[in-house]
$ cat run-v3.cif   # mmCIF, C-alpha atoms
data_data
loop_
_atom_site.label_atom_id
_atom_site.label_comp_id
_atom_site.auth_asym_id
_atom_site.auth_seq_id
_atom_site.Cartn_x
_atom_site.Cartn_y
_atom_site.Cartn_z
CA MET V 1 -60.57 13.34 -38.22
CA PHE V 2 -63.18 11.94 -35.79
CA ARG V 3 -60.82 9.10 -34.94
CA TRP V 4 -58.14 11.67 -34.06
CA ILE V 5 -60.61 13.61 -31.91
CA LYS V 6 -61.64 10.41 -30.10
CA LYS V 7 -58.01 9.53 -29.51
CA HIS V 8 -57.01 13.02 -28.33
CA LYS V 9 -60.03 14.06 -26.25
CA LEU V 10 -58.07 16.30 -23.88
CA ILE V 11 -56.29 18.23 -26.64
CA THR V 12 -59.55 18.67 -28.57
CA ILE V 13 -61.36 20.00 -25.49
CA LEU V 14 -58.49 22.37 -24.68
CA ILE V 15 -58.33 23.74 -28.23
CA THR V 16 -62.14 24.18 -28.28
CA ILE V 17 -62.16 26.01 -24.94
CA ILE V 18 -59.32 28.33 -25.98
CA VAL V 19 -60.88 29.12 -29.37
CA VAL V 20 -64.32 29.82 -27.82
CA SER V 21 -62.75 32.03 -25.11
CA LEU V 22 -60.75 33.94 -27.71
CA VAL V 23 -63.87 34.52 -29.84
CA VAL V 24 -65.81 35.81 -26.79
CA LEU V 25 -62.87 37.99 -25.74
CA VAL V 26 -62.40 39.51 -29.19
CA SER V 27 -66.15 40.15 -29.55
CA THR V 28 -66.35 41.99 -26.20
CA MET V 29 -63.14 43.90 -26.96
CA SER V 30 -64.51 45.01 -30.32
CA THR V 31 -67.50 46.57 -28.54
CA GLY V 32 -65.16 48.33 -26.11
CA GLY V 33 -66.09 46.06 -23.21
CA THR V 34 -69.76 47.03 -23.29
CA GLY V 35 -70.81 43.48 -24.10
CA ASN V 36 -73.74 42.29 -26.17
CA PRO V 37 -77.32 41.35 -25.23
CA ILE V 38 -76.29 37.74 -24.48
CA THR V 39 -73.38 38.58 -22.18
CA ASN V 40 -75.37 41.40 -20.57
CA GLY V 41 -78.28 39.03 -19.89
CA LEU V 42 -75.96 36.42 -18.41
CA SER V 43 -74.29 39.11 -16.31
CA SER V 44 -77.65 40.14 -14.85
CA ILE V 45 -78.49 36.55 -13.92
CA TRP V 46 -75.06 35.99 -12.40
CA SER V 47 -75.14 39.26 -10.45
CA THR V 48 -78.45 38.21 -8.88
CA ILE V 49 -77.05 34.81 -7.87
CA GLU V 50 -73.88 36.40 -6.50
CA ARG V 51 -75.56 39.18 -4.50
CA PRO V 52 -75.96 37.30 -1.17
CA PHE V 53 -72.28 36.32 -1.28
CA VAL V 54 -71.29 39.90 -1.96
CA SER V 55 -73.32 41.04 1.07
CA VAL V 56 -71.45 38.50 3.20
CA ALA V 57 -68.19 39.78 1.70
CA ASP V 58 -69.10 43.35 2.64
CA SER V 59 -69.88 42.48 6.25
CA ILE V 60 -66.67 40.42 6.59
CA SER V 61 -64.65 43.22 5.01
CA SER V 62 -66.19 45.78 7.40
CA SER V 63 -65.45 43.55 10.39
CA VAL V 64 -61.82 43.10 9.31
CA SER V 65 -61.38 46.85 8.76
CA ASN V 66 -63.06 47.63 12.10
CA ALA V 67 -60.82 45.15 13.90
CA PHE V 68 -57.79 47.10 12.68
CA SER V 69 -59.21 50.51 13.55
CA ALA V 70 -61.18 49.82 16.76
CA GLY V 71 -58.91 52.04 18.87
CA ASP V 72 -59.43 55.07 16.65
CA ILE V 73 -63.20 54.79 16.48
CA ALA V 74 -63.89 56.13 20.00
CA ASP V 75 -61.67 59.20 19.40
CA GLU V 76 -63.23 59.78 16.00
CA ASN V 77 -66.69 59.49 17.53
CA GLU V 78 -65.87 62.18 20.11
CA LYS V 79 -64.46 64.48 17.42
CA LEU V 80 -67.52 63.95 15.24
CA LYS V 81 -69.84 64.79 18.13
CA GLU V 82 -68.01 68.07 18.68
CA GLU V 83 -68.08 68.79 14.95
CA ILE V 84 -71.83 68.12 14.77
CA ALA V 85 -72.43 70.51 17.66
CA SER V 86 -70.41 73.31 16.03
CA LEU V 87 -72.03 72.68 12.64
CA GLN V 88 -75.47 72.83 14.22
CA GLU V 89 -74.62 76.25 15.63
CA LYS V 90 -73.39 77.44 12.24
CA LEU V 91 -76.49 76.04 10.56
CA ASN V 92 -78.73 78.02 12.89
CA GLU V 93 -76.76 81.19 12.12
CA ASN V 94 -76.73 80.66 8.38
CA LYS V 95 -80.32 79.66 7.73
CA LEU V 96 -81.41 81.28 4.50
CA SER V 97 -84.84 82.62 3.90
CA ALA V 98 -86.82 80.83 1.18
CA GLU V 99 -86.51 83.83 -1.11
CA GLU V 100 -82.72 84.06 -0.76
CA LEU V 101 -82.43 80.36 -1.44
CA LYS V 102 -84.51 80.61 -4.63
CA GLU V 103 -82.36 83.50 -5.82
CA LEU V 104 -79.15 81.58 -5.20
CA ARG V 105 -80.50 78.50 -6.98
CA GLU V 106 -81.32 80.59 -10.05
CA LEU V 107 -77.83 82.08 -9.97
CA SER V 108 -76.14 78.69 -9.60
CA ALA V 109 -78.13 77.30 -12.53
CA LEU V 110 -77.13 80.32 -14.64
CA LEU V 111 -73.45 79.83 -13.84
CA ASN V 112 -73.71 76.05 -14.16
CA TYR V 113 -72.08 76.05 -10.76
CA ASP V 114 -73.42 72.84 -9.37
CA TYR V 115 -72.76 69.84 -11.59
CA ALA V 116 -75.64 67.90 -10.13
CA GLU V 117 -78.21 70.68 -10.28
CA GLY V 118 -81.34 69.42 -12.02
CA LYS V 119 -79.85 65.95 -12.43
CA LYS V 120 -80.90 62.80 -10.67
CA ILE V 121 -78.38 61.07 -8.47
CA VAL V 122 -78.48 57.35 -7.79
CA THR V 123 -76.50 55.93 -4.89
CA ALA V 124 -75.05 52.47 -5.20
CA ASP V 125 -72.85 50.07 -3.26
CA ILE V 126 -69.64 48.75 -4.73
CA SER V 127 -70.24 45.04 -5.02
CA THR V 128 -66.74 43.90 -6.04
CA TYR V 129 -63.43 45.07 -7.35
CA ASP V 130 -61.67 43.50 -10.30
CA GLY V 131 -59.80 40.31 -9.41
CA VAL V 132 -56.31 41.74 -9.88
CA ASN V 133 -54.88 44.55 -7.80
CA TRP V 134 -53.46 46.70 -10.56
CA THR V 135 -56.53 47.47 -12.64
CA ASN V 136 -58.96 50.03 -11.35
CA THR V 137 -62.39 48.81 -12.28
CA PHE V 138 -65.21 47.82 -9.97
CA THR V 139 -68.83 46.76 -10.14
CA ILE V 140 -71.74 48.57 -8.48
CA ASN V 141 -75.13 47.10 -7.58
CA ALA V 142 -77.30 49.50 -9.60
CA GLY V 143 -77.86 49.50 -13.34
CA SER V 144 -80.17 50.47 -16.17
CA ALA V 145 -83.23 49.80 -13.96
CA SER V 146 -82.13 52.81 -11.86
CA GLY V 147 -81.49 54.91 -14.96
CA ILE V 148 -77.72 54.39 -15.18
CA LYS V 149 -76.34 54.47 -18.71
CA GLU V 150 -72.99 53.87 -20.30
CA ASN V 151 -70.67 56.82 -19.57
CA SER V 152 -72.75 57.96 -16.59
CA ILE V 153 -70.49 59.78 -14.15
CA VAL V 154 -69.63 58.27 -10.78
CA CYS V 155 -68.78 60.49 -7.79
CA TYR V 156 -68.20 60.23 -4.08
CA GLY V 157 -68.88 63.15 -1.80
CA GLY V 158 -68.66 65.64 -4.67
CA ALA V 159 -65.38 64.19 -5.94
CA LEU V 160 -64.97 62.52 -9.31
CA VAL V 161 -64.54 58.75 -9.10
CA GLY V 162 -64.96 57.52 -12.69
CA ARG V 163 -67.38 56.61 -15.44
CA VAL V 164 -69.65 53.67 -16.19
CA SER V 165 -68.10 51.46 -18.87
CA SER V 166 -70.86 48.88 -19.25
CA VAL V 167 -74.26 48.46 -17.72
CA GLY V 168 -76.83 45.74 -17.10
CA GLU V 169 -80.25 45.80 -15.48
CA ASN V 170 -79.03 45.82 -11.86
CA TRP V 171 -75.26 46.18 -12.19
CA ALA V 172 -72.74 48.49 -13.80
CA LYS V 173 -68.99 48.30 -14.30
CA VAL V 174 -67.09 51.45 -13.42
CA VAL V 175 -63.65 52.50 -14.69
CA SER V 176 -62.12 54.85 -12.13
CA ILE V 177 -60.19 58.00 -13.05
CA ILE V 178 -56.99 56.50 -11.61
CA ASP V 179 -57.13 53.84 -14.33
CA ASP V 180 -54.60 54.39 -17.12
CA SER V 181 -57.33 54.43 -19.77
CA SER V 182 -59.08 57.48 -18.23
CA ASN V 183 -58.50 60.97 -19.62
CA VAL V 184 -60.22 63.97 -18.04
CA SER V 185 -59.92 67.63 -19.04
CA PHE V 186 -59.59 69.96 -16.07
CA GLN V 187 -59.49 73.60 -15.07
CA VAL V 188 -57.79 75.12 -12.07
CA ASP V 189 -60.32 76.18 -9.45
CA ARG V 190 -58.85 79.65 -8.76
CA ASP V 191 -58.48 80.55 -12.47
CA SER V 192 -60.76 78.79 -14.95
CA LYS V 193 -58.53 79.83 -17.88
CA LEU V 194 -55.83 77.41 -16.76
CA LEU V 195 -56.72 74.20 -18.55
CA GLY V 196 -55.15 70.77 -18.80
CA VAL V 197 -55.67 67.07 -19.29
CA ILE V 198 -55.21 64.45 -16.62
CA SER V 199 -55.06 60.67 -16.72
CA GLY V 200 -54.55 57.81 -14.30
CA LYS V 201 -51.08 56.78 -13.21
CA ASN V 202 -52.49 53.37 -12.40
CA ASN V 203 -51.79 53.79 -8.74
CA SER V 204 -53.72 56.03 -6.39
CA ASP V 205 -52.50 59.24 -8.11
CA LEU V 206 -53.14 61.13 -11.33
CA GLU V 207 -50.77 62.81 -13.75
CA GLY V 208 -51.29 65.17 -16.64
CA TYR V 209 -50.19 68.34 -18.38
CA MET V 210 -51.30 71.93 -18.80
CA LEU V 211 -52.46 72.99 -22.28
CA ASP V 212 -50.45 76.20 -21.87
CA GLY V 213 -46.80 75.59 -21.08
CA GLU V 214 -46.63 78.99 -19.35
CA ALA V 215 -49.63 78.34 -17.08
CA THR V 216 -49.00 79.55 -13.54
CA VAL V 217 -50.13 76.53 -11.58
CA THR V 218 -48.71 75.76 -8.17
CA GLU V 219 -48.79 72.95 -5.69
CA GLY V 220 -51.97 73.04 -3.67
CA ASP V 221 -54.16 74.27 -6.53
CA LYS V 222 -57.49 72.48 -6.65
CA ILE V 223 -58.71 71.23 -10.04
CA LYS V 224 -62.20 70.64 -11.40
CA THR V 225 -63.74 69.17 -14.55
CA THR V 226 -64.24 71.62 -17.43
CA GLY V 227 -67.43 70.19 -18.90
CA MET V 228 -65.68 69.08 -22.09
CA GLY V 229 -66.25 65.45 -23.05
CA ILE V 230 -68.45 63.20 -20.96
CA TYR V 231 -67.67 64.72 -17.56
CA PRO V 232 -70.00 67.58 -16.49
CA LYS V 233 -68.51 70.88 -15.42
CA GLY V 234 -67.50 71.61 -11.85
CA ILE V 235 -66.81 68.22 -10.29
CA GLU V 236 -63.78 68.36 -8.05
CA ILE V 237 -60.96 66.06 -9.16
CA GLY V 238 -58.21 66.68 -6.65
CA THR V 239 -55.24 68.81 -5.61
CA ILE V 240 -52.02 69.42 -7.53
CA THR V 241 -49.11 67.97 -5.56
CA GLU V 242 -46.23 68.53 -7.99
CA VAL V 243 -45.52 70.79 -10.97
CA LYS V 244 -42.65 70.07 -13.38
CA TYR V 245 -41.57 71.80 -16.56
CA ASP V 246 -40.67 69.41 -19.36
CA SER V 247 -38.16 71.22 -21.58
CA ASP V 248 -38.42 68.59 -24.35
CA THR V 249 -42.14 69.01 -24.91
CA LYS V 250 -42.20 72.57 -23.51
CA SER V 251 -45.16 71.69 -21.36
CA LYS V 252 -45.97 71.79 -17.69
CA GLN V 253 -46.51 68.36 -16.18
CA VAL V 254 -48.62 68.05 -13.05
CA GLU V 255 -49.21 65.34 -10.51
CA VAL V 256 -52.52 65.32 -8.71
CA GLU V 257 -53.79 63.65 -5.58
CA PRO V 258 -57.44 62.74 -6.20
CA LYS V 259 -60.02 64.04 -3.74
CA ALA V 260 -61.83 60.70 -3.68
CA VAL V 261 -60.06 58.11 -1.54
CA PHE V 262 -60.20 54.94 -3.59
CA THR V 263 -59.01 52.46 -1.00
CA GLY V 264 -61.93 51.29 1.08
CA LEU V 265 -64.51 53.00 -1.12
CA LYS V 266 -67.85 51.32 -0.40
CA LYS V 267 -70.58 53.61 -1.72
CA VAL V 268 -70.74 55.90 -4.73
CA SER V 269 -73.27 58.20 -6.35
CA VAL V 270 -74.00 58.07 -10.07
CA ILE V 271 -75.18 61.17 -11.94
CA ILE V 272 -77.85 60.21 -14.49
CA MET Z 273 -57.49 7.06 -5.59
CA SER Z 274 -58.68 9.78 -7.93
CA MET Z 275 -60.94 12.66 -7.12
CA PRO Z 276 -64.54 12.25 -8.32
CA ASN Z 277 -65.73 14.78 -10.90
CA TYR Z 278 -68.48 16.18 -8.67
CA LYS Z 279 -65.89 17.12 -6.04
CA ILE Z 280 -63.82 18.95 -8.67
CA ILE Z 281 -66.94 20.90 -9.64
CA ILE Z 282 -67.67 21.72 -5.96
CA TYR Z 283 -64.14 23.12 -5.51
CA PHE Z 284 -64.53 25.37 -8.55
CA VAL Z 285 -68.00 26.57 -7.51
CA LEU Z 286 -66.72 27.37 -4.01
CA ALA Z 287 -63.77 29.26 -5.47
CA LEU Z 288 -66.10 31.30 -7.67
CA LEU Z 289 -68.46 32.16 -4.82
CA LEU Z 290 -65.74 32.88 -2.27
CA GLN Z 291 -63.58 35.01 -4.57
CA PRO Z 292 -65.62 38.25 -4.07
CA ILE Z 293 -65.35 37.72 -0.29
CA ILE Z 294 -61.57 37.28 -0.55
CA VAL Z 295 -61.20 40.37 -2.75
CA ALA Z 296 -63.32 42.46 -0.37
CA THR Z 297 -61.49 41.19 2.71
CA PHE Z 298 -57.91 41.47 1.48
CA GLY Z 299 -58.39 44.18 -1.15
CA PHE Z 300 -57.44 47.00 1.24
CA ILE Z 301 -53.93 45.64 1.72
CA ASN Z 302 -53.49 45.08 -2.03
CA CYS Z 303 -52.46 41.44 -1.83
CA GLY Z 304 -55.69 39.53 -2.23
CA PRO Z 305 -55.16 35.94 -3.36
CA ASN Z 306 -56.91 34.70 -6.47
CA LEU Z 307 -58.82 31.63 -5.32
CA ILE Z 308 -60.03 30.75 -8.81
CA LEU Z 309 -56.44 30.74 -10.10
CA ALA Z 310 -55.23 28.70 -7.12
CA VAL Z 311 -57.92 26.02 -7.53
CA SER Z 312 -57.34 25.89 -11.30
CA LEU Z 313 -53.58 25.46 -10.85
CA ILE Z 314 -53.78 22.76 -8.20
CA MET Z 315 -56.45 20.88 -10.17
CA ALA Z 316 -54.37 21.07 -13.37
CA LEU Z 317 -51.33 19.85 -11.43
CA PHE Z 318 -53.08 16.97 -9.69
CA PHE Z 319 -55.78 16.00 -12.17
CA GLY Z 320 -54.49 17.53 -15.41
CA ASP Z 321 -55.51 14.47 -17.40
CA LYS Z 322 -59.21 15.10 -16.71
CA PRO Z 323 -60.98 17.33 -19.27
CA ILE Z 324 -63.55 18.35 -16.61
CA VAL Z 325 -60.83 20.41 -14.88
CA TYR Z 326 -60.33 22.65 -17.94
CA ILE Z 327 -64.06 22.87 -18.68
CA CYS Z 328 -64.78 23.96 -15.08
CA ALA Z 329 -61.94 26.50 -15.11
CA ALA Z 330 -63.21 27.99 -18.38
CA ILE Z 331 -66.82 28.24 -17.15
CA VAL Z 332 -65.81 29.71 -13.78
CA GLY Z 333 -63.50 32.23 -15.48
CA PHE Z 334 -66.27 33.17 -17.89
CA LEU Z 335 -68.80 33.69 -15.06
CA TYR Z 336 -66.31 35.76 -13.06
CA ASP Z 337 -65.63 37.95 -16.11
CA LEU Z 338 -69.34 38.45 -16.71
CA ALA Z 339 -69.76 40.03 -13.31
CA HIS Z 340 -66.44 41.72 -12.64
CA SER Z 341 -64.02 42.15 -15.55
CA GLN Z 342 -63.76 44.77 -18.22
CA PHE Z 343 -63.75 42.17 -21.00
CA VAL Z 344 -65.46 38.79 -20.96
CA GLY Z 345 -62.98 35.98 -21.55
CA MET Z 346 -59.85 37.61 -20.09
CA THR Z 347 -59.85 35.58 -16.86
CA THR Z 348 -60.58 32.37 -18.79
CA ILE Z 349 -57.59 32.83 -21.11
CA SER Z 350 -55.36 34.09 -18.27
CA ILE Z 351 -56.16 30.95 -16.24
CA LEU Z 352 -55.95 28.45 -19.09
CA VAL Z 353 -52.42 29.44 -20.15
CA PRO Z 354 -50.80 28.73 -16.72
CA MET Z 355 -52.92 25.57 -16.48
CA LEU Z 356 -51.31 24.35 -19.69
CA CYS Z 357 -47.90 25.10 -18.15
CA CYS Z 358 -48.95 22.91 -15.20
CA LEU Z 359 -49.08 20.02 -17.65
CA ILE Z 360 -45.32 20.48 -18.16
CA VAL Z 361 -44.72 20.68 -14.38
CA ARG Z 362 -46.83 17.55 -14.03
CA TYR Z 363 -44.62 15.74 -16.50
CA ILE Z 364 -41.28 16.85 -15.05
CA PHE Z 365 -41.91 16.73 -11.27
CA ASN Z 366 -43.34 14.26 -8.83
CA ILE Z 367 -46.70 15.92 -8.29
CA GLU Z 368 -47.18 14.78 -4.71
CA ASN Z 369 -44.37 16.82 -3.20
CA TRP Z 370 -44.06 20.44 -2.06
CA LEU Z 371 -41.52 21.39 -4.73
CA SER Z 372 -44.05 20.85 -7.49
CA VAL Z 373 -46.52 23.12 -5.61
CA LEU Z 374 -43.84 25.80 -5.27
CA VAL Z 375 -42.97 25.65 -8.98
CA THR Z 376 -46.67 25.67 -9.92
CA ALA Z 377 -47.42 28.66 -7.68
CA VAL Z 378 -44.48 30.74 -8.94
CA SER Z 379 -44.83 29.95 -12.65
CA GLY Z 380 -48.64 30.02 -12.56
CA THR Z 381 -48.89 33.39 -10.81
CA VAL Z 382 -46.28 35.07 -12.99
CA ILE Z 383 -47.76 33.71 -16.23
CA TYR Z 384 -51.29 34.64 -15.12
CA SER Z 385 -50.21 38.23 -14.35
CA LEU Z 386 -48.36 38.55 -17.67
CA VAL Z 387 -51.24 37.18 -19.76
CA TYR Z 388 -53.79 39.34 -17.90
CA TRP Z 389 -51.62 42.42 -18.40
CA LEU Z 390 -51.17 41.59 -22.09
CA ILE Z 391 -54.93 41.26 -22.62
CA CYS Z 392 -55.44 44.60 -20.83
CA GLN Z 393 -52.88 46.16 -23.17
CA ILE Z 394 -54.63 44.79 -26.26
CA GLY Z 395 -57.94 46.05 -24.85
CA GLY Z 396 -56.59 49.60 -24.58
CA ASN Z 397 -55.66 49.74 -20.89
CA THR Z 398 -52.09 51.00 -21.02
CA GLY Z 399 -51.08 49.96 -17.51
CA ARG Z 400 -47.34 50.06 -17.00
CA PHE Z 401 -45.48 46.76 -17.00
CA LEU Z 402 -43.34 47.69 -14.00
CA TYR Z 403 -46.39 48.84 -12.07
CA MET Z 404 -48.01 45.45 -12.66
CA LEU Z 405 -44.78 43.67 -11.62
CA LYS Z 406 -44.83 45.50 -8.28
CA PHE Z 407 -47.92 43.52 -7.26
CA VAL Z 408 -46.59 40.12 -8.32
CA PRO Z 409 -44.59 39.38 -5.10
CA PHE Z 410 -47.63 40.12 -2.85
CA HIS Z 411 -49.81 38.10 -5.14
CA LEU Z 412 -47.27 35.28 -5.12
CA ILE Z 413 -47.08 35.08 -1.33
CA SER Z 414 -50.86 34.87 -1.00
CA GLN Z 415 -51.07 32.30 -3.81
CA LEU Z 416 -48.39 30.17 -2.12
CA ILE Z 417 -50.38 30.12 1.11
CA ILE Z 418 -53.64 29.19 -0.66
CA LEU Z 419 -51.95 26.56 -2.86
CA GLY Z 420 -50.22 25.10 0.21
CA LEU Z 421 -53.58 24.73 1.98
CA LEU Z 422 -55.17 23.20 -1.12
CA PHE Z 423 -52.21 20.82 -1.42
CA LEU Z 424 -52.78 19.60 2.14
CA LEU Z 425 -56.49 19.17 1.42
CA LEU Z 426 -56.13 17.38 -1.89
CA ARG Z 427 -52.95 15.35 -1.71
CA LYS Z 428 -54.84 12.28 -0.51
CA TYR Z 429 -56.39 12.09 -3.98
CA VAL Z 430 -53.03 12.10 -5.75
CA VAL Z 431 -51.50 8.86 -7.02
CA LYS Z 432 -49.20 7.44 -4.40
CA HIS Z 433 -45.47 7.48 -4.89
CA LYS Z 434 -45.01 3.77 -5.62
CA ASP Z 435 -47.66 3.84 -8.33
CA SER Z 436 -46.12 6.81 -10.12
CA TYR Z 437 -45.20 6.27 -13.77
CA ARG Z 438 -41.57 6.85 -12.83
CA PHE Z 439 -41.49 3.61 -10.86
CA LYS Z 440 -43.38 1.42 -13.29
#

$ encode --input "run-v3.cif" --output "structure tokens"
Amino acid sequence: MFRWIKKHKLITILITIIVVSLVVLVSTMSTGGTGNPITNGLSSIWSTIERPFVSVADSISSSVSNAFSAGDIADENEKLKEEIASLQEKLNENKLSAEELKELRELSALLNYDYAEGKKIVTADISTYDGVNWTNTFTINAGSASGIKENSIVCYGGALVGRVSSVGENWAKVVSIIDDSSNVSFQVDRDSKLLGVISGKNNSDLEGYMLDGEATVTEGDKIKTTGMGIYPKGIEIGTITEVKYDSDTKSKQVEVEPKAVFTGLKKVSVII
Amino acid sequence: MSMPNYKIIIYFVLALLLQPIIVATFGFINCGPNLILAVSLIMALFFGDKPIVYICAAIVGFLYDLAHSQFVGMTTISILVPMLCCLIVRYIFNIENWLSVLVTAVSGTVIYSLVYWLICQIGGNTGRFLYMLKFVPFHLISQLIILGLLFLLLRKYVVKHKDSYRFK
């Protein structure tokens, strides 16, 4: 046996590496990708080492993006200035008295209107995306030290982005809603009785179906989370772009354009 | 002239550290090259008889998975399988010419994508096969460019034509 190993060093090393990798892979898969204390500890160490390189990556990425959009920036800047001026005017007109504000807050809490009301929000930068282009997972630079837990909800500008799949001390892996493995229950914004389930199409869109085959949904309807499952109620998911009736399953299929723009996403907020 | 082990390690470490920069820079056009895969393939093609190449690839894949992948070990396995195929390319072709690089890039990238997709499927990510295939051509073009550059950098370390086993 030992003589064979000595004679076939390369084959022995290859078999050992493959067996060890398979054992690690199966063990992380069996925990649903959440890892174990050893892998989580190693991840934390590695994230710390990698951080300066990720910062460099961010600045290079920004420079490359800016180089492609330099012409539009001046126009956008002008438009934003005008928008700020008009918003400032509106703000002055719409200033609420302290009492009115308190009243509205009480009402919103009663109706569970605002998903983030009373919850802490942590902002984080996206450190890296997964190495291949067709999976939709990414890593953020905040973790359990900031209060993030597994299945914490990730948003951007009030729009649903995804959920935390595994977490370390200063990092967390996020599975976005456009990933095939994501399933989110939704309600139509204009009529909360119209319910459905949506999942990722594994590109930048979402697809799903209405629970009621006779539901009167139309293109342009906005959809929000229902509060069932891990996603809190009231987070905007996107807009219905196509409605089809499937006569085989007697259900209404919908296609949805997510509100969050996933390409070029740099910062997210995590509800904890 | 063979490449010293420390240089092989340096190439792998650089690939690991530069990969996030490459993903961030090219991610927005959806055709980011995989530097770790490219270095692993070229090393397996040129220095496939050295165990250090496979050990480095496994460690680098493992570290990359720890920080970025859904499951730890998926990059390692996805890289090792095409590296093993490189051993066949190494046996059939003259390794110091462009054709061997072309065959390595095409077979390596396709096998890597298939194995990665398969592991995702087993792990519960039901990504469509055709959707994954759509990205392979972009991925292939970027891998060809990177492998071409690595070939130019490393070919001085490859056994010269007259010393090849075919002419012994």

$ resolve_selection --input "run-v3.cif" --expression "the PyMOL selection byres ((chain Z and resi 388) around 9)" --output "list in words"
Val132 of chain V; Met346, Thr347, Ile349, Ser350, Ile351, Ile383, Tyr384, Ser385, Leu386, Val387, Trp389, Leu390, Ile391, Cys392 and Gln393 of chain Z

$ closest_residue --input "run-v3.cif" --among "Z:Val361, Z:Leu290, Z:Val295, Z:Ile394" --to "Val26 of chain V" --atoms "only C-alpha atoms"
Z:Ile394

$ closest_residue --input "run-v3.cif" --among "Z:Val382, Z:Ile360, Z:Met404, Z:Val373" --to "chain V" --atoms "all atoms listed in the file"
Z:Met404

$ resolve_selection --input "run-v3.cif" --expression "the PyMOL selection byres ((chain Z and resi 365) around 12)" --output "ChimeraX atom specification"
/Z:317-318,358-364,366-376,433,436-438

$ residues_around --input "run-v3.cif" --residues "Leu286 of chain Z" --least-positions-apart "5" --cutoff "9 Å" --atoms "all atoms listed in the file" --output "list in words"
Ile281, Gln291 and Ile308 of chain Z

$ residues_around --input "run-v3.cif" --residues "Ile121 of chain V" --least-positions-apart "6" --cutoff "10 Å" --atoms "only C-alpha atoms" --output "VMD selection string"
chain V and resid 146 to 148 153 to 155 268 to 272

$ write_last_selection --input "run-v3.cif" --atoms "C-alpha atoms" --output "PDB file, keeping the file's coordinate frame"
ATOM      1  CA  SER V 146     -82.130  52.810 -11.860  1.00  0.00           C
ATOM      2  CA  GLY V 147     -81.490  54.910 -14.960  1.00  0.00           C
ATOM      3  CA  ILE V 148     -77.720  54.390 -15.180  1.00  0.00           C
ATOM      4  CA  ILE V 153     -70.490  59.780 -14.150  1.00  0.00           C
ATOM      5  CA  VAL V 154     -69.630  58.270 -10.780  1.00  0.00           C
ATOM      6  CA  CYS V 155     -68.780  60.490  -7.790  1.00  0.00           C
ATOM      7  CA  VAL V 268     -70.740  55.900  -4.730  1.00  0.00           C
ATOM      8  CA  SER V 269     -73.270  58.200  -6.350  1.00  0.00           C
ATOM      9  CA  VAL V 270     -74.000  58.070 -10.070  1.00  0.00           C
ATOM     10  CA  ILE V 271     -75.180  61.170 -11.940  1.00  0.00           C
ATOM     11  CA  ILE V 272     -77.850  60.210 -14.490  1.00  0.00           C
TER      12      ILE V 272
END

$ resolve_selection --input "run-v3.cif" --expression "the PyMOL selection byres ((chain Z and resi 410-417) around 6)" --output "VMD selection string"
chain Z and resid 303 305 377 407 to 409 418 to 420

$ closest_residue --input "run-v3.cif" --among "Z:Phe423, Z:Phe319, Z:Leu289, Z:Leu402" --to "chain V" --atoms "all atoms listed in the file"
Z:Leu289

$ residues_around --input "run-v3.cif" --residues "segment 157-170 of chain V" --least-positions-apart "2" --cutoff "6 Å" --atoms "only C-alpha atoms" --output "MDAnalysis selection string"
chainID V and resid 34 40 141:145 150:155 172:177 236:237 259:260

$ residues_around --input "run-v3.cif" --residues "segment 9-17 of chain V" --least-positions-apart "5" --cutoff "10 Å" --atoms "only C-alpha atoms" --output "ChimeraX atom specification"
/V:4,22-23 /Z:320-324,326-327,329-331,348-349,352,356

$ closest_residue --input "run-v3.cif" --among "Z:Ala316, Z:Ile293, Z:Leu309, Z:Met275" --to "chain V" --atoms "all atoms listed in the file"
Z:Ile293

$ residues_around --input "run-v3.cif" --residues "Lys252 of chain V" --least-positions-apart "6" --cutoff "8 Å" --atoms "all atoms listed in the file" --output "list in words"
Tyr209, Met210, Asp212, Gly213, Glu214, Ala215, Val243, Lys244, Tyr245 and Asp246 of chain V

$ atom_distance --input "run-v3.cif" --atom1 "atom CA of Ile223 of chain V" --atom2 "atom CA of Thr139 of chain V"
26.5 Å

$ closest_residue --input "run-v3.cif" --among "Z:Val353, Z:Ile280, Z:Leu313, Z:Leu425" --to "chain V" --atoms "all atoms listed in the file"
Z:Val353

$ closest_residue --input "run-v3.cif" --among "V:Pro52, V:Gly229, V:Gly208, V:Pro258" --to "Tyr156 of chain V" --atoms "only C-alpha atoms"
V:Pro258

$ atom_distance --input "run-v3.cif" --atom1 "atom CA of Lys149 of chain V" --atom2 "atom CA of Pro232 of chain V"
14.7 Å
